[in-house]
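**Q** What follows is a single structure, and I will ask about it in a moment.
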Amino acid sequence: MSDTNYLNVDYGIRSWLLTVDHKRIALLYLGSITVMFFLGGVFALMIRLELLTPAADVVQADTYNKLFTMHGIIMVFFFLIPSIPATLGNFLVPMMIGARDLAFPRLNLASWYIFLVGALFTLWAVFTGGVDTGWTFYTPYSTVGANTKVIPAAVGIFINGFSSILTGLNFIVTIHRMRAPGLTWFRLPLFIWATYATSVIFILGTPVIAITLALVGVERAFHIGIFDPAIGGDPILFQHLFWFYSHPAVYIMILPSMGVVSELITCFARKSPFGYSFIAISSLAIAFLGFLVWGHHMFVSGQSAYASLIFSFLSFAVAIPSAVKVFNWTATLYRGSIAFQAPMLYALGFIGLFTIGGLTGLFLASLGLDVHVHDTYFVVAHFHYIMVGGALMGYLGGIHFWWPKITGRMYPETLSKIAALVVFLGFNLTFFPQFILGYLGMPRRYHVYPDEFQVLNVMSTAGASVLGLGYLLPMGYLLWSLRYGARAPANPWQATGLEWQTPSPPPTENFVVTPIVTGPAYCYAGEEAEVV
Amino acid sequence: MTEHAAPHAHVVPLAVYFGVFIALLVFTGATTAIAFVDLGRFNVAVALTIAVVKASLVLLYFMHLRYTSRLTLVFVGIAFFWLGTMIGLTMSDIVSRGWFGA
Ligand SMILES: [Cu+2]
């Protein structure tokens, strides 16, 4: 076996910036989204600091509006949406299907540069005055009210959208055309199914948000009446178009995490997944149904009661495929031989937190209850349970699980377990009190609040500090492991999957000999192979 | 892996591309010209009809849908279906405002 791998084949800076190797591009993304994550995290901590006391003592209203807007824009568009697809997806899609690279390697590199240009544009807007519309850019405020950097921020998101579209396109073509001999659709790893479903949303949804933000820019700059009722527009139309993308965007964030969790649960329970085909198809069902529920954000906007009725019903329907996954993971654990390694802790955390996030989503999809909790901290807590408790836990679990494959080094196990627990506890301490705050009536997006809400807010801010520590820990020890971690074998977890059959880190061409697949994706010792 | 790429690639003569290009320019001119004629509510209908014809030309010739595989057509169909759900569910709000007094 030769010692040359994709990391040590060339050390020059040009070999990174001009690489067309999907594995190196994954690392370029990993570096850039990590910067964005910590930037968004700083804004989050400033928000929590201000909310420590009822009065305005750290920032004033205008600054506070910019803080939560920029926290949202950076975390949603520049961290969560690219997070798993652009890093783990880029790295793993070709490896899991036995290919040498994605279908369009140069396009893949172009996606990263487009992401970079979009991110720099938005950061420029952030640091030369900021935006205060909320990440949702609701009209008419964003087109006639706000006097902040709305257009530059929107342009940055518009540009970044092309990066998502091209990544999705690359994945879809790769999964259709480049599977190894014998790798039929129902032998694909569940992560591939999830990534495929996510790619479909990328392609079908992203153009709509791009055009919608362009229309905001056009109305703002040239006063063409699209959303402003004073010049013949309809402000609720903006919400339709915005949420047509932005609700499915939630599934862009959560589906890849579900794919990661499916892999982790299977590996660390040493059992093939219960109901493989149900988990696989439920990913597609989520991608499809996820496009039909956006009106649940608009029950109190002036949307017609008839439309709200339809959207409420459809929102309940989308809970079904999500529940299918949760039940199937749980059934996979049943009588499994479970090992509590760090990635598994994240996966188990994901199941619990995602379930809470999903079920509180049903509260919000109920027409009556939504009137009470709409635009309160209940909503904030709900979507953070999905996006942080769900998407981010899956991301961290996946990063740990494939870290040995990506870097050729093991992460420190005990420290990682501690970090996973710190993240879990910090997360719940931060966001569970927000459910109560919202139920009691504390509205979101205000920098001051009545005294009676302080105790719960102090708990939440304390939790945020713990959570921040929980994120700094992996940042520290993963970097440490690059130099001092134990050398990783090809398959440290005795996992199934083609990516584990090649050395860690893999050679540039991934596989010296193209693998030939003869059985299902998961088959652990002592199990009968599921007939496919 | 180029050996998989487009085994039945269809070579379109340049004249076709230029022909479509000129047709698109003519339609653009037509849209602009008709904007100056007052047809009442039919202005929008005419403009949208011309736009649909132009979009179809781009899809069929520039994006090669005339010569493509069934799988690609399936994806095109999905895209139109999605567009339909977007317009359909949005209209479910816009046409029914006030039905139940809300
Ligand atoms: Cu939603």
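By convention here, the chains of the structure tokens are called A, B, ... in the order presented, each chain's residues are numbered starting at 1, and ligands are numbered starting at 1 in the order presented.
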Considering only C-alpha atoms, extract the chain A residues located within 9 Å of chain B and return them as a PyMOL selection string.
**A** chain A and resi 99-103+177-178+203-205+237+240-241+244+291-292+295+302-308+310-311
**Q** Please produce a file of the residues just selected, as an mmCIF file, in the first residue's frame, where the atoms kept are N, CA, C and O atoms.
**A**
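File out.cif, as written:
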data_model
loop_
_atom_site.group_PDB
_atom_site.id
_atom_site.type_symbol
_atom_site.label_atom_id
_atom_site.label_comp_id
_atom_site.auth_asym_id
_atom_site.auth_seq_id
_atom_site.Cartn_x
_atom_site.Cartn_y
_atom_site.Cartn_z
ATOM 1 N N ALA A 99 -17.269 5.951 -6.365
ATOM 2 C CA ALA A 99 -16.819 6.739 -7.515
ATOM 3 C C ALA A 99 -15.511 7.456 -7.186
ATOM 4 O O ALA A 99 -15.109 7.526 -6.024
ATOM 5 N N ARG A 100 -14.854 7.975 -8.226
ATOM 6 C CA ARG A 100 -13.579 8.659 -7.988
ATOM 7 C C ARG A 100 -13.761 10.120 -7.665
ATOM 8 O O ARG A 100 -12.889 10.748 -7.070
ATOM 9 N N ASP A 101 -14.829 10.697 -8.075
ATOM 10 C CA ASP A 101 -15.102 12.108 -7.763
ATOM 11 C C ASP A 101 -16.568 12.355 -8.082
ATOM 12 O O ASP A 101 -17.290 11.437 -8.488
ATOM 13 N N LEU A 102 -17.002 13.618 -7.888
ATOM 14 C CA LEU A 102 -18.345 13.981 -8.318
ATOM 15 C C LEU A 102 -18.371 14.041 -9.846
ATOM 16 O O LEU A 102 -17.326 14.041 -10.505
ATOM 17 N N ALA A 103 -19.584 14.151 -10.401
ATOM 18 C CA ALA A 103 -19.711 14.160 -11.862
ATOM 19 C C ALA A 103 -19.029 15.384 -12.471
ATOM 20 O O ALA A 103 -18.447 15.302 -13.545
ATOM 21 N N ARG A 177 -25.540 8.648 -12.135
ATOM 22 C CA ARG A 177 -24.698 8.147 -13.209
ATOM 23 C C ARG A 177 -23.441 7.424 -12.773
ATOM 24 O O ARG A 177 -22.815 6.755 -13.588
ATOM 25 N N MET A 178 -23.013 7.564 -11.519
ATOM 26 C CA MET A 178 -21.661 7.107 -11.200
ATOM 27 C C MET A 178 -21.597 6.066 -10.093
ATOM 28 O O MET A 178 -20.552 5.856 -9.484
ATOM 29 N N ILE A 203 -32.384 22.374 -5.784
ATOM 30 C CA ILE A 203 -32.598 22.787 -7.167
ATOM 31 C C ILE A 203 -33.968 23.424 -7.358
ATOM 32 O O ILE A 203 -34.115 24.412 -8.056
ATOM 33 N N LEU A 204 -34.985 22.866 -6.703
ATOM 34 C CA LEU A 204 -36.333 23.368 -6.949
ATOM 35 C C LEU A 204 -36.678 24.578 -6.093
ATOM 36 O O LEU A 204 -37.516 25.389 -6.475
ATOM 37 N N GLY A 205 -36.054 24.697 -4.930
ATOM 38 C CA GLY A 205 -36.422 25.786 -4.026
ATOM 39 C C GLY A 205 -35.574 27.035 -4.159
ATOM 40 O O GLY A 205 -36.088 28.154 -4.139
ATOM 41 N N LEU A 237 -47.880 38.369 -0.549
ATOM 42 C CA LEU A 237 -47.251 37.618 -1.636
ATOM 43 C C LEU A 237 -45.779 37.367 -1.324
ATOM 44 O O LEU A 237 -45.245 36.294 -1.606
ATOM 45 N N HIS A 240 -45.533 34.406 0.906
ATOM 46 C CA HIS A 240 -45.730 33.159 0.160
ATOM 47 C C HIS A 240 -44.430 32.742 -0.521
ATOM 48 O O HIS A 240 -43.980 31.599 -0.395
ATOM 49 N N LEU A 241 -43.851 33.679 -1.271
ATOM 50 C CA LEU A 241 -42.662 33.321 -2.053
ATOM 51 C C LEU A 241 -41.489 33.012 -1.131
ATOM 52 O O LEU A 241 -40.721 32.075 -1.360
ATOM 53 N N PHE A 244 -42.070 29.645 0.528
ATOM 54 C CA PHE A 244 -42.038 28.527 -0.425
ATOM 55 C C PHE A 244 -40.643 27.914 -0.455
ATOM 56 O O PHE A 244 -40.479 26.704 -0.609
ATOM 57 N N PHE A 291 -42.643 20.930 0.560
ATOM 58 C CA PHE A 291 -42.916 22.067 -0.319
ATOM 59 C C PHE A 291 -44.365 22.537 -0.239
ATOM 60 O O PHE A 291 -44.733 23.526 -0.860
ATOM 61 N N LEU A 292 -45.220 21.809 0.486
ATOM 62 C CA LEU A 292 -46.648 22.103 0.424
ATOM 63 C C LEU A 292 -47.184 22.684 1.730
ATOM 64 O O LEU A 292 -48.387 22.737 1.929
ATOM 65 N N GLY A 295 -47.556 27.776 4.227
ATOM 66 C CA GLY A 295 -48.509 28.738 4.768
ATOM 67 C C GLY A 295 -48.662 28.688 6.279
ATOM 68 O O GLY A 295 -49.284 29.572 6.870
ATOM 69 N N GLY A 302 -52.925 37.567 7.637
ATOM 70 C CA GLY A 302 -53.959 38.073 6.744
ATOM 71 C C GLY A 302 -54.217 37.092 5.616
ATOM 72 O O GLY A 302 -55.069 37.325 4.765
ATOM 73 N N GLN A 303 -53.488 35.971 5.620
ATOM 74 C CA GLN A 303 -53.784 34.890 4.683
ATOM 75 C C GLN A 303 -55.222 34.415 4.912
ATOM 76 O O GLN A 303 -55.706 34.422 6.048
ATOM 77 N N SER A 304 -55.888 33.964 3.858
ATOM 78 C CA SER A 304 -57.290 33.581 4.011
ATOM 79 C C SER A 304 -57.410 32.364 4.925
ATOM 80 O O SER A 304 -56.528 31.502 4.952
ATOM 81 N N ALA A 305 -58.523 32.317 5.659
ATOM 82 C CA ALA A 305 -58.741 31.211 6.601
ATOM 83 C C ALA A 305 -58.810 29.894 5.860
ATOM 84 O O ALA A 305 -58.354 28.850 6.344
ATOM 85 N N TYR A 306 -59.322 29.937 4.628
ATOM 86 C CA TYR A 306 -59.440 28.722 3.827
ATOM 87 C C TYR A 306 -58.056 28.159 3.498
ATOM 88 O O TYR A 306 -57.794 26.965 3.668
ATOM 89 N N ALA A 307 -57.132 29.039 3.066
ATOM 90 C CA ALA A 307 -55.774 28.596 2.768
ATOM 91 C C ALA A 307 -55.089 28.090 4.041
ATOM 92 O O ALA A 307 -54.375 27.083 4.022
ATOM 93 N N SER A 308 -55.321 28.782 5.156
ATOM 94 C CA SER A 308 -54.706 28.357 6.417
ATOM 95 C C SER A 308 -55.141 26.941 6.783
ATOM 96 O O SER A 308 -54.339 26.136 7.258
ATOM 97 N N ILE A 310 -55.955 24.541 4.727
ATOM 98 C CA ILE A 310 -55.223 23.592 3.875
ATOM 99 C C ILE A 310 -53.797 23.415 4.387
ATOM 100 O O ILE A 310 -53.302 22.292 4.534
ATOM 101 N N PHE A 311 -53.143 24.539 4.672
ATOM 102 C CA PHE A 311 -51.738 24.473 5.092
ATOM 103 C C PHE A 311 -51.595 23.785 6.445
ATOM 104 O O PHE A 311 -50.629 23.071 6.697
#
**Q** Determine, counting only C-alpha atoms, which protein, DNA and RNA residues have an atom within 10 Å of an atom of Val260 (chain A); residues of the same chain fewer than 4 positions away are not included. Present the result as a PDB file with N, CA and C atoms, in the first residue's frame.
**A**
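Writing done, so here's selection.pdb:
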ATOM      1  N   ILE A  84     -23.901  20.206   6.212  1.00  0.00           N
ATOM      2  CA  ILE A  84     -23.591  18.796   5.941  1.00  0.00           C
ATOM      3  C   ILE A  84     -23.410  18.528   4.443  1.00  0.00           C
ATOM      4  N   LEU A  88     -19.602  17.041   4.605  1.00  0.00           N
ATOM      5  CA  LEU A  88     -19.692  15.580   4.598  1.00  0.00           C
ATOM      6  C   LEU A  88     -20.245  15.064   3.279  1.00  0.00           C
ATOM      7  N   GLY A  89     -21.220  15.779   2.709  1.00  0.00           N
ATOM      8  CA  GLY A  89     -21.794  15.344   1.437  1.00  0.00           C
ATOM      9  C   GLY A  89     -20.737  15.325   0.345  1.00  0.00           C
ATOM     10  N   PRO A 189     -26.456   3.614   0.689  1.00  0.00           N
ATOM     11  CA  PRO A 189     -26.507   4.017   2.100  1.00  0.00           C
ATOM     12  C   PRO A 189     -27.611   5.063   2.307  1.00  0.00           C
ATOM     13  N   LEU A 190     -28.185   5.085   3.499  1.00  0.00           N
ATOM     14  CA  LEU A 190     -29.287   6.015   3.759  1.00  0.00           C
ATOM     15  C   LEU A 190     -28.833   7.463   3.686  1.00  0.00           C
ATOM     16  N   PHE A 191     -27.555   7.711   3.962  1.00  0.00           N
ATOM     17  CA  PHE A 191     -27.045   9.079   3.840  1.00  0.00           C
ATOM     18  C   PHE A 191     -27.173   9.569   2.397  1.00  0.00           C
ATOM     19  N   ILE A 192     -26.980   8.654   1.443  1.00  0.00           N
ATOM     20  CA  ILE A 192     -27.094   9.042   0.029  1.00  0.00           C
ATOM     21  C   ILE A 192     -28.544   9.390  -0.312  1.00  0.00           C
ATOM     22  N   ALA A 194     -30.738  10.588   1.707  1.00  0.00           N
ATOM     23  CA  ALA A 194     -31.027  11.880   2.329  1.00  0.00           C
ATOM     24  C   ALA A 194     -30.396  13.012   1.521  1.00  0.00           C
ATOM     25  N   THR A 195     -29.157  12.783   1.057  1.00  0.00           N
ATOM     26  CA  THR A 195     -28.482  13.827   0.290  1.00  0.00           C
ATOM     27  C   THR A 195     -29.180  14.046  -1.048  1.00  0.00           C
ATOM     28  N   ILE A 254     -32.275  19.662   7.888  1.00  0.00           N
ATOM     29  CA  ILE A 254     -32.500  18.511   8.757  1.00  0.00           C
ATOM     30  C   ILE A 254     -32.327  17.181   8.028  1.00  0.00           C
ATOM     31  N   LEU A 255     -32.655  17.119   6.728  1.00  0.00           N
ATOM     32  CA  LEU A 255     -32.557  15.830   6.019  1.00  0.00           C
ATOM     33  C   LEU A 255     -31.138  15.258   6.021  1.00  0.00           C
ATOM     34  N   PRO A 256     -30.113  16.063   5.708  1.00  0.00           N
ATOM     35  CA  PRO A 256     -28.764  15.485   5.742  1.00  0.00           C
ATOM     36  C   PRO A 256     -28.402  14.973   7.135  1.00  0.00           C
ATOM     37  N   LEU A 264     -25.171   6.518  11.824  1.00  0.00           N
ATOM     38  CA  LEU A 264     -24.592   6.364  13.165  1.00  0.00           C
ATOM     39  C   LEU A 264     -25.341   5.309  13.977  1.00  0.00           C
ATOM     40  N   ILE A 265     -26.676   5.386  13.945  1.00  0.00           N
ATOM     41  CA  ILE A 265     -27.479   4.452  14.734  1.00  0.00           C
ATOM     42  C   ILE A 265     -27.196   3.016  14.278  1.00  0.00           C
ATOM     43  N   PRO A 343     -19.929   9.838  18.600  1.00  0.00           N
ATOM     44  CA  PRO A 343     -20.906  10.109  17.534  1.00  0.00           C
ATOM     45  C   PRO A 343     -22.297   9.585  17.885  1.00  0.00           C
ATOM     46  N   ALA A 347     -26.024  11.246  18.065  1.00  0.00           N
ATOM     47  CA  ALA A 347     -27.176  10.688  17.348  1.00  0.00           C
ATOM     48  C   ALA A 347     -28.364  10.497  18.289  1.00  0.00           C
ATOM     49  N   ALA A 391     -30.269  19.594  13.437  1.00  0.00           N
ATOM     50  CA  ALA A 391     -29.281  19.689  12.354  1.00  0.00           C
ATOM     51  C   ALA A 391     -27.844  19.744  12.879  1.00  0.00           C
ATOM     52  N   MET A 393     -26.590  18.872  15.862  1.00  0.00           N
ATOM     53  CA  MET A 393     -26.159  17.648  16.550  1.00  0.00           C
ATOM     54  C   MET A 393     -25.755  16.588  15.524  1.00  0.00           C
ATOM     55  N   GLY A 394     -26.553  16.467  14.465  1.00  0.00           N
ATOM     56  CA  GLY A 394     -26.226  15.509  13.413  1.00  0.00           C
ATOM     57  C   GLY A 394     -24.898  15.856  12.750  1.00  0.00           C
ATOM     58  N   TYR A 395     -24.713  17.138  12.513  1.00  0.00           N
ATOM     59  CA  TYR A 395     -23.473  17.600  11.883  1.00  0.00           C
ATOM     60  C   TYR A 395     -22.270  17.233  12.752  1.00  0.00           C
ATOM     61  N   LEU A 396     -22.355  17.545  14.049  1.00  0.00           N
ATOM     62  CA  LEU A 396     -21.224  17.244  14.936  1.00  0.00           C
ATOM     63  C   LEU A 396     -21.006  15.737  15.052  1.00  0.00           C
ATOM     64  N   GLY A 397     -22.105  14.978  15.150  1.00  0.00           N
ATOM     65  CA  GLY A 397     -21.967  13.526  15.195  1.00  0.00           C
ATOM     66  C   GLY A 397     -21.267  13.010  13.955  1.00  0.00           C
ATOM     67  N   GLY A 398     -21.671  13.535  12.802  1.00  0.00           N
ATOM     68  CA  GLY A 398     -21.076  13.102  11.543  1.00  0.00           C
ATOM     69  C   GLY A 398     -19.615  13.496  11.432  1.00  0.00           C
ATOM     70  N   ILE A 399     -19.300  14.720  11.860  1.00  0.00           N
ATOM     71  CA  ILE A 399     -17.899  15.169  11.800  1.00  0.00           C
ATOM     72  C   ILE A 399     -17.022  14.240  12.643  1.00  0.00           C
ATOM     73  N   PHE A 401     -17.716  11.086  13.507  1.00  0.00           N
ATOM     74  CA  PHE A 401     -17.735   9.734  12.970  1.00  0.00           C
ATOM     75  C   PHE A 401     -16.766   9.587  11.797  1.00  0.00           C
TER      76      PHE A 401
END
**Q** Using only C-alpha atoms and all ligand atoms, find each protein or nucleic acid residue lying at most 8 Å from ligand 1; present the set as a list of chain:residue names.
**A**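 Residues lying within 8 Å of ligand 1: A:Trp243, A:Ser246, A:His247, A:Pro248, A:Val250, A:Val293, A:Trp294, A:Gly295, A:His296, A:His297.
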**Q** Excluding Leu24 (chain B) and its own-chain neighbours fewer than 3 positions away, which residues fall within 9 Å of it when counting only C-alpha atoms? Please give them as a list of chain:residue names.
**A**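 The residues that qualify are B:Gly19, B:Val20, B:Phe21, B:Phe27, B:Thr28, B:Gly29, B:Lys54, B:Leu57, B:Val58.
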**Q** Quick one: residues within 10 Å of Phe115 (chain A), only C-alpha atoms, excluding same-chain residues fewer than 4 positions away - as number ranges by chain?
**A** A: 29, 32-33, 77-78, 82, 109-111, 119-121, 156-157, 159-164
**Q** Pick from B:Ile34, B:Leu39, B:Tyr17, B:Val76: nearest to Phe62 (chain B), with only C-alpha atoms counted?
**A**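 Of all the options, B:Tyr17 lies closest to Phe62 (chain B).
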